[in-house]
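Colleague: Would you mind keeping the following structure in view while I ask a few things?
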Amino acid sequence: MASKKNLKEEEQNRVDPETFTGDAPVLVEGETQAEEVAAAPEQLIYIGPPIRKNGVGLRTNQVFIGGHPAYLNALYTEYPHIKALFIPVDKLQESLKQITQTGTALNAALLSLKGV
């Protein structure tokens, strides 16, 4: 629910697209700022067990901005299911439930790393 302050700021930022002549982004009636959020770099969080292998370390709940990090390619090839344990930050709660449920893809990925 938007606060009164946010609503006032939003109204001040609204521009009539037919008369607008500048280069600034236009917020048309009914649009939200969700499009701006979607343009942000992808944020992933690793929910698997901590791994330290060949000088590469990976911690539980470590966040990565911009997708899967390239320096972990050695781990990706050695443990192919590890990529499933990198989940979008906004899906963390749902994924934490799935990782404990037997038979889900996240649970299988976690079990494949057991003993690493």
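Here's how to read the names in the structure tokens: chain A, B, ... by the order shown, residue numbers from 1 in each chain, ligand numbers from 1 in the order shown.
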Skipping near chain neighbours, those fewer than 4 positions away, what residues fall within 10 Å of Pro50 of chain A using only C-alpha atoms, listed as a list in words?

Modeller: Tyr46, Gly57, Leu58, Arg59, Thr60, Asn61, Gln62, Leu113 and Val116 of chain A

Colleague: Export N, CA, C and O atoms of the chosen residues as a PDB file, in the first residue's frame?

Modeller:
ATOM      1  N   TYR A  46      22.713 -17.933  -3.039  1.00  0.00           N
ATOM      2  CA  TYR A  46      23.066 -19.349  -3.006  1.00  0.00           C
ATOM      3  C   TYR A  46      22.526 -19.949  -1.716  1.00  0.00           C
ATOM      4  O   TYR A  46      22.832 -19.476  -0.624  1.00  0.00           O
ATOM      5  N   GLY A  57      35.686 -20.419  -2.947  1.00  0.00           N
ATOM      6  CA  GLY A  57      34.797 -20.583  -1.808  1.00  0.00           C
ATOM      7  C   GLY A  57      33.393 -20.110  -2.119  1.00  0.00           C
ATOM      8  O   GLY A  57      33.194 -19.140  -2.851  1.00  0.00           O
ATOM      9  N   LEU A  58      32.437 -20.806  -1.581  1.00  0.00           N
ATOM     10  CA  LEU A  58      31.030 -20.470  -1.781  1.00  0.00           C
ATOM     11  C   LEU A  58      30.327 -20.666  -0.450  1.00  0.00           C
ATOM     12  O   LEU A  58      30.412 -21.733   0.155  1.00  0.00           O
ATOM     13  N   ARG A  59      29.688 -19.614   0.036  1.00  0.00           N
ATOM     14  CA  ARG A  59      29.015 -19.663   1.337  1.00  0.00           C
ATOM     15  C   ARG A  59      27.505 -19.714   1.160  1.00  0.00           C
ATOM     16  O   ARG A  59      26.953 -19.164   0.216  1.00  0.00           O
ATOM     17  N   THR A  60      26.849 -20.325   2.127  1.00  0.00           N
ATOM     18  CA  THR A  60      25.392 -20.326   2.157  1.00  0.00           C
ATOM     19  C   THR A  60      24.911 -18.890   2.337  1.00  0.00           C
ATOM     20  O   THR A  60      25.514 -18.132   3.087  1.00  0.00           O
ATOM     21  N   ASN A  61      23.868 -18.522   1.642  1.00  0.00           N
ATOM     22  CA  ASN A  61      23.260 -17.186   1.673  1.00  0.00           C
ATOM     23  C   ASN A  61      24.153 -16.100   1.069  1.00  0.00           C
ATOM     24  O   ASN A  61      23.936 -14.917   1.319  1.00  0.00           O
ATOM     25  N   GLN A  62      25.113 -16.473   0.270  1.00  0.00           N
ATOM     26  CA  GLN A  62      25.950 -15.499  -0.428  1.00  0.00           C
ATOM     27  C   GLN A  62      25.148 -14.945  -1.606  1.00  0.00           C
ATOM     28  O   GLN A  62      24.524 -15.699  -2.352  1.00  0.00           O
ATOM     29  N   LEU A 113      24.792 -32.600  -3.366  1.00  0.00           N
ATOM     30  CA  LEU A 113      26.003 -31.963  -2.832  1.00  0.00           C
ATOM     31  C   LEU A 113      26.359 -32.484  -1.444  1.00  0.00           C
ATOM     32  O   LEU A 113      27.305 -31.998  -0.828  1.00  0.00           O
ATOM     33  N   VAL A 116      30.078 -32.873   0.289  1.00  0.00           N
ATOM     34  CA  VAL A 116      31.052 -32.057  -0.439  1.00  0.00           C
ATOM     35  C   VAL A 116      31.828 -31.212   0.526  1.00  0.00           C
ATOM     36  O   VAL A 116      31.363 -30.695   1.466  1.00  0.00           O
TER      37      VAL A 116
END

Colleague: Tell me which protein, DNA and RNA residues are within 10 Å of Leu111 of chain A, counting only C-alpha atoms, leaving out same-chain ones fewer than 4 positions away, and put them as number ranges by chain.

Modeller: A: 48-49, 81, 99, 102, 105-107, 115

Colleague: For N, CA, C and O atoms, I'd like the residues from the last selection saved as a short mmCIF file (atom, residue, chain, number, x, y, z; two decimals), in the first residue's frame.

Modeller:
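Output below, filename result10.cif:
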data_model
loop_
_atom_site.label_atom_id
_atom_site.label_comp_id
_atom_site.auth_asym_id
_atom_site.auth_seq_id
_atom_site.Cartn_x
_atom_site.Cartn_y
_atom_site.Cartn_z
N GLY A 48 22.66 -23.38 -0.99
CA GLY A 48 23.22 -24.71 -0.75
C GLY A 48 24.25 -24.70 0.38
O GLY A 48 24.44 -23.69 1.06
N PRO A 49 24.92 -25.84 0.57
CA PRO A 49 25.92 -25.93 1.64
C PRO A 49 27.19 -25.16 1.28
O PRO A 49 27.46 -24.94 0.10
N HIS A 81 24.34 -29.84 -10.63
CA HIS A 81 23.09 -29.43 -10.00
C HIS A 81 23.23 -28.19 -9.13
O HIS A 81 22.23 -27.68 -8.62
N ILE A 99 13.20 -26.54 -0.60
CA ILE A 99 14.46 -27.26 -0.40
C ILE A 99 14.33 -28.33 0.68
O ILE A 99 15.06 -29.31 0.69
N THR A 102 10.93 -33.31 0.27
CA THR A 102 11.48 -34.43 -0.49
C THR A 102 10.83 -34.49 -1.87
O THR A 102 9.62 -34.35 -2.00
N ALA A 105 13.01 -30.28 -6.96
CA ALA A 105 14.28 -30.10 -7.66
C ALA A 105 15.35 -29.50 -6.74
O ALA A 105 16.52 -29.91 -6.80
N LEU A 106 14.95 -28.57 -5.92
CA LEU A 106 15.91 -27.96 -5.00
C LEU A 106 16.42 -28.96 -3.97
O LEU A 106 17.60 -28.99 -3.63
N ASN A 107 15.53 -29.82 -3.48
CA ASN A 107 15.93 -30.84 -2.52
C ASN A 107 16.90 -31.84 -3.17
O ASN A 107 17.89 -32.23 -2.57
N GLY A 115 28.01 -34.22 1.47
CA GLY A 115 29.36 -34.75 1.64
C GLY A 115 30.42 -33.98 0.89
O GLY A 115 31.58 -34.38 0.85
#

Colleague: Between A:Ile51, A:Asp90, A:Tyr79, A:Ala39, which one has atoms that come closest to Gly66 of chain A, using only C-alpha atoms?

Modeller: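 Checking each candidate against Gly66 of chain A, we get A:Ala39 as the closest.
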
Colleague: Given the choices A:Ser95, A:Ala84, A:Leu75, A:Thr100, which gets closest to Lys53 of chain A if the distance is worked out from only C-alpha atoms?

Modeller: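 The answer is A:Leu75, which sits nearest to Lys53 of chain A.
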
Colleague: Using only C-alpha atoms, pick whichever of A:Leu44, A:Lys91, A:Val56, A:Phe64 has the shortest atom-to-atom distance to Tyr76 of chain A.

Modeller: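 Looking at the shortest contact to Tyr76 of chain A, the residue is A:Val56.
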
Colleague: Using only C-alpha atoms for the distances, tell me which of A:Leu96, A:Ile82, A:Arg52, A:Val89 is nearest to Ala108 of chain A.

Modeller: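 Residue with the minimum atom-to-atom distance to Ala108 of chain A: A:Ile82.
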
Colleague: Would you compute the distance between atom CA of Thr77 of chain A and atom CA of Gln101 of chain A? Give it in Å to one decimal.

Modeller: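 Going from atom CA of Thr77 of chain A over to atom CA of Gln101 of chain A covers 25.7 Å.
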